[in-house]
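Visitor: Got a structure for you, written out below as structure tokens; questions coming shortly.
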Amino acid sequence: MFTGIDEVDWASMRHAYGSAEDVPGLLRGLASADAAEREIALDGMYGAVHHQGDVYDSTLACVPFLFALAAREEVRDRGGIVELLVSIGGDGEPSEGAYGVARTAVRSGAEVFARLTGDVDAGVRRAAAGAVVRFVDQPARVLNLLRERITVERDDRVLLALTEGLGTFVRRHPGHARAAVDLLAAQSAPPYGPGLRLAALGQLAGCAPDRLPADLVPTVVALLRDRSDRRSAARCAPDRPDTETLVGRLRRLRPSDEEGSQLLRTLHTALGERLDDRIALLNGQLTSPDPTDRCNAVWMSAGLFREWRADHATAVALIGAQLHAEEDRLRDAATSVLVDLFDLAVPAADDLHCLVAARPELWVRHWEHGAPTLGGPLKALARSGDARAVPVLGEVLAGTVAPDDLGQVIPHLGRVAAPLAPALRERLAGVPLDAPDLHERMVPLLLALRVLDDRECAPLVVRLLRDIPEGLRLRDSLVAAGARTLGALGEAAGEGIPVLCGLLEGESAIAAADALWSVSGDVDAVLPVLVQEVADERSRQRRSAAEVLGRLGRAATPALTGLRRMTAAECVWQRTAAACAVWRISGEPEPAYPVLRRAWAENARTRRTIAECVTAMGPAGAPLHDLLRDELAAPRRHLATSGGHGSHDVLEDEQLLRACGEALASGAE
């Protein structure tokens, strides 16, 4: 297995953390008789030699030894080694540079994968099923191999992998697809078991949707429940060491029924825009008698809500019903999904309130490290805008430990949370200005008081801006938050004018200028600061300055020259802010049209800003109304393709839809 390993100059090679001289030890660890040592070695391979999918010279040097290990029956856990080789090969897709070399190296050893499809170890056969499809370049041979293995295989998990391999084969080799699709169609019907039929239906949905049954949803729901009935209630003890490695942690985070979760995820993903089917399927999952199936459905729903616009009320209500479950895992999953839905969680509000009322210990969540935070059920209830959260938040504020993030839910409650203002002010007054976590504690409180238009907080905010120590971590951000709070209070914050004037030359100058204008109306004091910032192409505050100038309206006419120049800026956010400001100041919408149209297409996150600008234009915004109508008609959320996802993506999309509707309504007036 390790012939020639000591002749390789590992010390001259690199991995993610420096010299690769420790790699021989990792390779030998993969062959250890001790399960914990094997897992630690595999963790090291993924953590350093193939860190986050990267390929180094040491990664390439490992490939021959990994193939040698995978081929030796006496080596345990070889399925993980095969999976590592597949990952290094880049899933078989064309690539360049080191990744291309890695793909070629893995493909050159692909004959090993073909042999391993008949290995004595089911875990190896399972991993090899996908590897042959990705790396063996003989489609007819691969298809025959898959067909043969399906005929003789008796392990359900390997059969699932072979079915997934058929789907991958169809997508990679469309010229040989018909026979593979026929195999999938056969597997989707009796006498095959429910798990395999679900897997086949998922693959058909992705590669041959015309072969799906007309009664897809009832069929899938029935198969899911049949599978649950057959699944043993007894859980076998895991045949894995409980190591504190990345591999070990990821294993512990897996769903209790990972196979079922994957089957349904594959089907949901393949159904794509067939939202009626997906929602009906989800509702069927959420009404399953099996709590594990319902838990899988809850986690599945998060992706559907986050990506697609539809009537989700029934599904949300069914998720709310899971809050009454005895299983902590199911209740926690439901809470986790609902907390990111904001006002879309309204159909579950009664269930949330019941949980909050019955379980005061869930109001605040304490962590092993870090400050306590607002508990999920209470946060979800408040974010939904439900007034029943207000008295509970009052009790939390009156307690000895009030989470720093409590103030962040106040904007979703609005003025109904006004009774909390005195307690919020008291908390603000009680924070020492030299506290190391001053920013984390103050900013949410300032936000809450700003939303509540609490004029009595003005002296406290002035004190903060006047006395905040220099050199404090995130000082500028905190100062800006304080200035925005004074600005929101308007003339009632008149005592803050001197301190705001003093901030016009600092890092928070733009926030101070915005606030000073709102409080005093003194355009002459703030205009030079804003014009100077717009003229500085390197300024990080340029966009903010343009937005403030837009709010000044015609009083900012001297800034038009710089703003018009800024509409050609490289940064899409600067162009957008400048175009909106030019219109608000000059009253001429025509120059803004092409800038805003281009920004809309270039960066989806600019769309709400643009829609709000079009609303302000009224009938003059009509040339941009086609963008708004298309957005309202689109089934997919505008941030769904932006890469990754954030906890506020659903909220931002719903706000965009409201802004588009308001803009079209204002244009019709």
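If you're wondering about the labels, chains in the structure tokens are A, B, ... by order shown, residues count from 1 in each chain, ligands from 1 in order shown.
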Just want the 12 Å neighbourhood of Leu452 of chain A, counted on only C-alpha atoms, with same-chain residues fewer than 3 positions away dropped. Output as a compact mmCIF listing (two decimals) with C-alpha atoms, in the first residue's frame.

Guide:
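Saved result, result_2.txt, follows:
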# COMPACT_ATOMS: atom_id res chain seq x y z
CA GLY A 407 -34.12 45.24 20.85
CA VAL A 409 -37.32 42.34 17.43
CA ILE A 410 -38.97 45.66 18.34
CA PRO A 411 -39.11 46.96 14.72
CA HIS A 412 -41.29 43.98 13.80
CA LEU A 413 -43.74 44.84 16.57
CA GLY A 414 -43.81 48.57 15.84
CA ARG A 415 -45.65 51.02 18.07
CA VAL A 416 -47.56 48.21 19.79
CA ALA A 417 -44.32 47.70 21.74
CA ALA A 418 -44.44 51.28 23.12
CA PRO A 419 -45.05 50.05 26.71
CA LEU A 420 -41.52 48.63 26.64
CA ALA A 421 -39.89 52.04 26.13
CA PRO A 422 -39.28 52.84 29.84
CA LEU A 424 -35.51 49.86 27.30
CA ARG A 425 -34.40 53.32 28.44
CA LEU A 445 -31.47 49.26 22.35
CA LEU A 446 -30.92 52.35 20.22
CA LEU A 447 -32.70 50.67 17.32
CA ALA A 448 -35.68 49.81 19.49
CA LEU A 449 -36.03 53.29 20.97
CA ARG A 455 -38.32 61.18 22.81
CA GLU A 456 -37.42 60.71 26.45
CA CYS A 457 -34.32 58.78 25.46
CA THR A 485 -31.56 57.70 16.84
CA ALA A 488 -35.29 59.93 14.06
CA LEU A 489 -36.47 62.02 17.02

Visitor: Would you kindly return, as a list in words, each protein, DNA or RNA residue with an atom no farther than 12 Å from any atom of Gly4 of chain A, considering only C-alpha atoms and excluding same-chain residues fewer than 3 positions away?

Guide: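 What passes the distance filter is Met1, Glu7, Val8, Asp9, Trp10, Pro24, Ala61, Cys62, Pro64, Phe65 and Ala68 of chain A.
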
Visitor: Take the selection from the previous step and output its residues with N, CA, C and O atoms, as a compact mmCIF listing (two decimals), in the first residue's frame.

Guide:
# COMPACT_ATOMS: atom_id res chain seq x y z
N MET A 1 0.82 -1.21 0.00
CA MET A 1 0.00 0.00 0.00
C MET A 1 0.85 1.26 0.00
O MET A 1 0.49 2.27 -0.59
N GLU A 7 9.95 7.77 -0.40
CA GLU A 7 10.78 8.39 -1.43
C GLU A 7 10.20 9.73 -1.90
O GLU A 7 10.86 10.49 -2.62
N VAL A 8 8.96 9.99 -1.53
CA VAL A 8 8.32 11.25 -1.92
C VAL A 8 8.85 12.37 -1.02
O VAL A 8 8.93 12.21 0.21
N ASP A 9 9.21 13.49 -1.62
CA ASP A 9 9.74 14.62 -0.85
C ASP A 9 8.58 15.43 -0.27
O ASP A 9 8.27 16.53 -0.72
N TRP A 10 7.92 14.87 0.74
CA TRP A 10 6.75 15.51 1.32
C TRP A 10 7.07 16.87 1.93
O TRP A 10 6.25 17.79 1.89
N PRO A 24 2.39 11.56 5.20
CA PRO A 24 2.57 10.10 5.31
C PRO A 24 1.91 9.51 6.55
O PRO A 24 1.35 8.41 6.50
N ALA A 61 -0.05 14.07 -4.87
CA ALA A 61 0.88 13.01 -4.49
C ALA A 61 0.19 11.90 -3.71
O ALA A 61 0.68 10.76 -3.68
N CYS A 62 -0.91 12.22 -3.05
CA CYS A 62 -1.65 11.22 -2.26
C CYS A 62 -2.47 10.27 -3.11
O CYS A 62 -2.79 9.16 -2.66
N PRO A 64 -2.19 8.15 -5.72
CA PRO A 64 -1.84 6.73 -5.91
C PRO A 64 -1.96 5.92 -4.62
O PRO A 64 -2.38 4.76 -4.65
N PHE A 65 -1.58 6.51 -3.50
CA PHE A 65 -1.65 5.80 -2.23
C PHE A 65 -3.10 5.61 -1.79
O PHE A 65 -3.44 4.57 -1.19
N ALA A 68 -4.41 2.72 -3.69
CA ALA A 68 -3.88 1.48 -3.14
C ALA A 68 -4.61 1.07 -1.87
O ALA A 68 -4.92 -0.10 -1.65

Visitor: Please report, as a PyMOL selection string, each residue of segment 336-572 of chain A to which DSSP assigns alpha helix (DSSP H) when run on this structure's backbone.

Guide: chain A and resi 336-338+349-358+376-383+389-398+410-413+421-429+438-451+458-467+475-489+497-502+509-520+523-535+542-552+560-566+572

Visitor: Using only C-alpha atoms, find each residue in segment 98-160 of chain A having at least one atom no more than 12 Å away from segment 197-220 of chain A; report its shortest atom-to-atom pair and that distance in Å (one decimal), rows by chain then rising number, as a tab-separated table.

Guide:
residue	atom	partner	partner_atom	distance
A:Asp156	CA	A:Ala199	CA	11.0
A:Arg157	CA	A:Ala199	CA	10.6
A:Val158	CA	A:Ala199	CA	11.7
A:Leu159	CA	A:Ala199	CA	9.4
A:Leu160	CA	A:Ala199	CA	6.4

Visitor: Work out how far apart atom CA of Asn296 of chain A and atom CA of Ser261 of chain A are and give it in Å to one decimal.

Guide: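 Result for atom CA of Asn296 of chain A versus atom CA of Ser261 of chain A: 5.5 Å, one decimal.
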
Visitor: When you count only C-alpha atoms, which of these residues is closest to Leu472 of chain A: A:Arg103, A:Arg365, A:Arg584, A:His439?

Guide: A:His439

Visitor: Which residues come within 7 Å of segment 337-344 of chain A, counting only C-alpha atoms, excluding same-chain residues fewer than 3 positions away, as a count of residues only?

Guide: 13

Visitor: One number please: atom CA of Val479 of chain A to atom CA of Leu465 of chain A, in Å, one decimal.

Guide: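 Between these atoms lies a distance of 6.1 Å.
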
Visitor: Rank A:Ala348, A:Leu504, A:Val431, A:Ala371 by their smallest atom-to-atom distance to Ala317 of chain A, using only C-alpha atoms, and report the top residue only.

Guide: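 Closest candidate: A:Ala348.
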
Visitor: So how far away is atom CA of Leu474 of chain A from atom CA of Val396 of chain A, in Å?

Guide: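 Between atom CA of Val396 of chain A and atom CA of Leu474 of chain A the gap works out to 26.8 Å.
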
Visitor: Write out as a PDB file with N, CA, C and O atoms, in the first residue's frame the residues lying within 12 Å of Val534 of chain A, counting only C-alpha atoms and excluding same-chain residues fewer than 2 positions away.

Guide:
ATOM      1  N   ILE A 510     -21.248  61.368   8.114  1.00  0.00           N
ATOM      2  CA  ILE A 510     -22.452  61.302   7.284  1.00  0.00           C
ATOM      3  C   ILE A 510     -23.683  61.044   8.145  1.00  0.00           C
ATOM      4  O   ILE A 510     -24.726  61.683   7.981  1.00  0.00           O
ATOM      5  N   LEU A 527     -24.420  70.486   4.202  1.00  0.00           N
ATOM      6  CA  LEU A 527     -24.195  70.329   2.769  1.00  0.00           C
ATOM      7  C   LEU A 527     -22.717  70.218   2.395  1.00  0.00           C
ATOM      8  O   LEU A 527     -22.347  69.344   1.588  1.00  0.00           O
ATOM      9  N   PRO A 528     -21.816  71.028   2.930  1.00  0.00           N
ATOM     10  CA  PRO A 528     -20.405  70.898   2.554  1.00  0.00           C
ATOM     11  C   PRO A 528     -19.829  69.516   2.873  1.00  0.00           C
ATOM     12  O   PRO A 528     -19.033  68.965   2.095  1.00  0.00           O
ATOM     13  N   VAL A 529     -20.234  68.941   3.997  1.00  0.00           N
ATOM     14  CA  VAL A 529     -19.738  67.610   4.378  1.00  0.00           C
ATOM     15  C   VAL A 529     -20.204  66.561   3.374  1.00  0.00           C
ATOM     16  O   VAL A 529     -19.421  65.714   2.925  1.00  0.00           O
ATOM     17  N   LEU A 530     -21.448  66.647   2.981  1.00  0.00           N
ATOM     18  CA  LEU A 530     -22.015  65.654   2.069  1.00  0.00           C
ATOM     19  C   LEU A 530     -21.446  65.795   0.661  1.00  0.00           C
ATOM     20  O   LEU A 530     -21.129  64.794   0.000  1.00  0.00           O
ATOM     21  N   VAL A 531     -21.304  67.031   0.198  1.00  0.00           N
ATOM     22  CA  VAL A 531     -20.751  67.269  -1.146  1.00  0.00           C
ATOM     23  C   VAL A 531     -19.318  66.769  -1.223  1.00  0.00           C
ATOM     24  O   VAL A 531     -18.909  66.134  -2.208  1.00  0.00           O
ATOM     25  N   GLN A 532     -18.550  67.011  -0.181  1.00  0.00           N
ATOM     26  CA  GLN A 532     -17.156  66.560  -0.150  1.00  0.00           C
ATOM     27  C   GLN A 532     -17.076  65.031  -0.201  1.00  0.00           C
ATOM     28  O   GLN A 532     -16.220  64.460  -0.885  1.00  0.00           O
ATOM     29  N   ASP A 536     -15.411  62.339  -3.261  1.00  0.00           N
ATOM     30  CA  ASP A 536     -14.293  61.443  -2.969  1.00  0.00           C
ATOM     31  C   ASP A 536     -14.628  60.029  -3.439  1.00  0.00           C
ATOM     32  O   ASP A 536     -15.379  59.308  -2.787  1.00  0.00           O
ATOM     33  N   GLU A 537     -14.061  59.625  -4.577  1.00  0.00           N
ATOM     34  CA  GLU A 537     -14.380  58.328  -5.159  1.00  0.00           C
ATOM     35  C   GLU A 537     -13.901  57.169  -4.292  1.00  0.00           C
ATOM     36  O   GLU A 537     -14.361  56.041  -4.453  1.00  0.00           O
ATOM     37  N   ARG A 538     -12.970  57.418  -3.388  1.00  0.00           N
ATOM     38  CA  ARG A 538     -12.451  56.349  -2.528  1.00  0.00           C
ATOM     39  C   ARG A 538     -13.200  56.243  -1.200  1.00  0.00           C
ATOM     40  O   ARG A 538     -12.936  55.347  -0.410  1.00  0.00           O
ATOM     41  N   SER A 539     -14.121  57.121  -0.970  1.00  0.00           N
ATOM     42  CA  SER A 539     -14.821  57.156   0.315  1.00  0.00           C
ATOM     43  C   SER A 539     -15.735  55.946   0.493  1.00  0.00           C
ATOM     44  O   SER A 539     -16.479  55.570  -0.410  1.00  0.00           O
ATOM     45  N   ARG A 540     -15.706  55.376   1.683  1.00  0.00           N
ATOM     46  CA  ARG A 540     -16.598  54.264   2.008  1.00  0.00           C
ATOM     47  C   ARG A 540     -18.000  54.759   2.347  1.00  0.00           C
ATOM     48  O   ARG A 540     -18.933  53.962   2.447  1.00  0.00           O
ATOM     49  N   GLN A 541     -18.136  56.082   2.552  1.00  0.00           N
ATOM     50  CA  GLN A 541     -19.415  56.667   2.924  1.00  0.00           C
ATOM     51  C   GLN A 541     -20.101  57.368   1.754  1.00  0.00           C
ATOM     52  O   GLN A 541     -21.092  58.073   1.928  1.00  0.00           O
ATOM     53  N   ARG A 542     -19.576  57.165   0.551  1.00  0.00           N
ATOM     54  CA  ARG A 542     -20.089  57.896  -0.608  1.00  0.00           C
ATOM     55  C   ARG A 542     -21.562  57.585  -0.866  1.00  0.00           C
ATOM     56  O   ARG A 542     -22.378  58.484  -1.113  1.00  0.00           O
ATOM     57  N   ARG A 543     -21.899  56.322  -0.817  1.00  0.00           N
ATOM     58  CA  ARG A 543     -23.296  55.929  -1.036  1.00  0.00           C
ATOM     59  C   ARG A 543     -24.203  56.561   0.013  1.00  0.00           C
ATOM     60  O   ARG A 543     -25.267  57.107  -0.323  1.00  0.00           O
ATOM     61  N   SER A 544     -23.814  56.488   1.276  1.00  0.00           N
ATOM     62  CA  SER A 544     -24.632  57.052   2.353  1.00  0.00           C
ATOM     63  C   SER A 544     -24.814  58.551   2.175  1.00  0.00           C
ATOM     64  O   SER A 544     -25.906  59.090   2.416  1.00  0.00           O
ATOM     65  N   ALA A 545     -23.743  59.221   1.745  1.00  0.00           N
ATOM     66  CA  ALA A 545     -23.838  60.665   1.524  1.00  0.00           C
ATOM     67  C   ALA A 545     -24.862  60.986   0.439  1.00  0.00           C
ATOM     68  O   ALA A 545     -25.655  61.931   0.568  1.00  0.00           O
ATOM     69  N   ALA A 546     -24.855  60.197  -0.636  1.00  0.00           N
ATOM     70  CA  ALA A 546     -25.820  60.416  -1.714  1.00  0.00           C
ATOM     71  C   ALA A 546     -27.243  60.202  -1.215  1.00  0.00           C
ATOM     72  O   ALA A 546     -28.166  60.953  -1.572  1.00  0.00           O
ATOM     73  N   GLU A 547     -27.445  59.188  -0.389  1.00  0.00           N
ATOM     74  CA  GLU A 547     -28.785  58.925   0.139  1.00  0.00           C
ATOM     75  C   GLU A 547     -29.278  60.085   1.003  1.00  0.00           C
ATOM     76  O   GLU A 547     -30.448  60.479   0.927  1.00  0.00           O
ATOM     77  N   VAL A 548     -28.387  60.648   1.813  1.00  0.00           N
ATOM     78  CA  VAL A 548     -28.774  61.791   2.645  1.00  0.00           C
ATOM     79  C   VAL A 548     -29.096  63.000   1.771  1.00  0.00           C
ATOM     80  O   VAL A 548     -30.081  63.711   2.006  1.00  0.00           O
ATOM     81  N   LEU A 549     -28.292  63.229   0.759  1.00  0.00           N
ATOM     82  CA  LEU A 549     -28.550  64.353  -0.146  1.00  0.00           C
ATOM     83  C   LEU A 549     -29.918  64.206  -0.807  1.00  0.00           C
ATOM     84  O   LEU A 549     -30.638  65.191  -0.998  1.00  0.00           O
ATOM     85  N   GLY A 550     -30.267  62.981  -1.171  1.00  0.00           N
ATOM     86  CA  GLY A 550     -31.582  62.756  -1.756  1.00  0.00           C
ATOM     87  C   GLY A 550     -32.697  63.142  -0.807  1.00  0.00           C
ATOM     88  O   GLY A 550     -33.720  63.703  -1.215  1.00  0.00           O
ATOM     89  N   PRO A 558     -26.824  72.206  -5.005  1.00  0.00           N
ATOM     90  CA  PRO A 558     -25.382  72.359  -5.272  1.00  0.00           C
ATOM     91  C   PRO A 558     -24.633  71.030  -5.399  1.00  0.00           C
ATOM     92  O   PRO A 558     -23.495  71.019  -5.892  1.00  0.00           O
ATOM     93  N   ALA A 559     -25.216  69.943  -4.975  1.00  0.00           N
ATOM     94  CA  ALA A 559     -24.536  68.642  -5.038  1.00  0.00           C
ATOM     95  C   ALA A 559     -24.810  67.902  -6.341  1.00  0.00           C
ATOM     96  O   ALA A 559     -24.245  66.829  -6.569  1.00  0.00           O
ATOM     97  N   LEU A 560     -25.655  68.467  -7.219  1.00  0.00           N
ATOM     98  CA  LEU A 560     -26.077  67.722  -8.407  1.00  0.00           C
ATOM     99  C   LEU A 560     -24.922  67.362  -9.335  1.00  0.00           C
ATOM    100  O   LEU A 560     -24.887  66.265  -9.898  1.00  0.00           O
ATOM    101  N   THR A 561     -23.974  68.264  -9.499  1.00  0.00           N
ATOM    102  CA  THR A 561     -22.853  67.976 -10.416  1.00  0.00           C
ATOM    103  C   THR A 561     -22.114  66.719  -9.974  1.00  0.00           C
ATOM    104  O   THR A 561     -21.844  65.813 -10.775  1.00  0.00           O
ATOM    105  N   GLY A 562     -21.769  66.638  -8.699  1.00  0.00           N
ATOM    106  CA  GLY A 562     -21.069  65.466  -8.187  1.00  0.00           C
ATOM    107  C   GLY A 562     -21.921  64.212  -8.240  1.00  0.00           C
ATOM    108  O   GLY A 562     -21.418  63.111  -8.523  1.00  0.00           O
ATOM    109  N   LEU A 563     -23.207  64.351  -7.983  1.00  0.00           N
ATOM    110  CA  LEU A 563     -24.086  63.191  -8.014  1.00  0.00           C
ATOM    111  C   LEU A 563     -24.253  62.658  -9.430  1.00  0.00           C
ATOM    112  O   LEU A 563     -24.290  61.439  -9.641  1.00  0.00           O
ATOM    113  N   ARG A 564     -24.360  63.556 -10.394  1.00  0.00           N
ATOM    114  CA  ARG A 564     -24.487  63.093 -11.786  1.00  0.00           C
ATOM    115  C   ARG A 564     -23.230  62.343 -12.211  1.00  0.00           C
ATOM    116  O   ARG A 564     -23.308  61.331 -12.926  1.00  0.00           O
ATOM    117  N   ARG A 565     -22.081  62.811 -11.756  1.00  0.00           N
ATOM    118  CA  ARG A 565     -20.835  62.102 -12.056  1.00  0.00           C
ATOM    119  C   ARG A 565     -20.822  60.732 -11.374  1.00  0.00           C
ATOM    120  O   ARG A 565     -20.340  59.745 -11.911  1.00  0.00           O
ATOM    121  N   MET A 566     -21.399  60.670 -10.203  1.00  0.00           N
ATOM    122  CA  MET A 566     -21.414  59.437  -9.423  1.00  0.00           C
ATOM    123  C   MET A 566     -22.314  58.365 -10.044  1.00  0.00           C
ATOM    124  O   MET A 566     -22.144  57.170  -9.776  1.00  0.00           O
ATOM    125  N   THR A 567     -23.265  58.752 -10.884  1.00  0.00           N
ATOM    126  CA  THR A 567     -24.136  57.756 -11.520  1.00  0.00           C
ATOM    127  C   THR A 567     -23.368  56.853 -12.475  1.00  0.00           C
ATOM    128  O   THR A 567     -23.907  55.839 -12.932  1.00  0.00           O
ATOM    129  N   ALA A 569     -20.390  55.579 -11.469  1.00  0.00           N
ATOM    130  CA  ALA A 569     -19.423  54.915 -10.596  1.00  0.00           C
ATOM    131  C   ALA A 569     -19.363  53.420 -10.879  1.00  0.00           C
ATOM    132  O   ALA A 569     -20.318  52.814 -11.393  1.00  0.00           O
ATOM    133  N   GLN A 574     -23.406  52.680  -5.346  1.00  0.00           N
ATOM    134  CA  GLN A 574     -23.173  54.116  -5.480  1.00  0.00           C
ATOM    135  C   GLN A 574     -23.973  54.677  -6.643  1.00  0.00           C
ATOM    136  O   GLN A 574     -24.581  55.749  -6.536  1.00  0.00           O
ATOM    137  N   ARG A 575     -23.990  53.954  -7.774  1.00  0.00           N
ATOM    138  CA  ARG A 575     -24.765  54.420  -8.930  1.00  0.00           C
ATOM    139  C   ARG A 575     -26.244  54.519  -8.582  1.00  0.00           C
ATOM    140  O   ARG A 575     -26.926  55.490  -8.940  1.00  0.00           O
ATOM    141  N   ALA A 577     -27.720  54.856  -5.586  1.00  0.00           N
ATOM    142  CA  ALA A 577     -27.987  55.948  -4.645  1.00  0.00           C
ATOM    143  C   ALA A 577     -27.911  57.300  -5.338  1.00  0.00           C
ATOM    144  O   ALA A 577     -28.734  58.197  -5.084  1.00  0.00           O
ATOM    145  N   ALA A 578     -26.927  57.454  -6.217  1.00  0.00           N
ATOM    146  CA  ALA A 578     -26.759  58.729  -6.916  1.00  0.00           C
ATOM    147  C   ALA A 578     -27.932  59.005  -7.848  1.00  0.00           C
ATOM    148  O   ALA A 578     -28.446  60.129  -7.916  1.00  0.00           O
ATOM    149  N   ALA A 581     -30.905  60.019  -5.884  1.00  0.00           N
ATOM    150  CA  ALA A 581     -30.715  61.358  -5.327  1.00  0.00           C
ATOM    151  C   ALA A 581     -30.887  62.430  -6.393  1.00  0.00           C
ATOM    152  O   ALA A 581     -31.494  63.482  -6.139  1.00  0.00           O
TER     153      ALA A 581
END
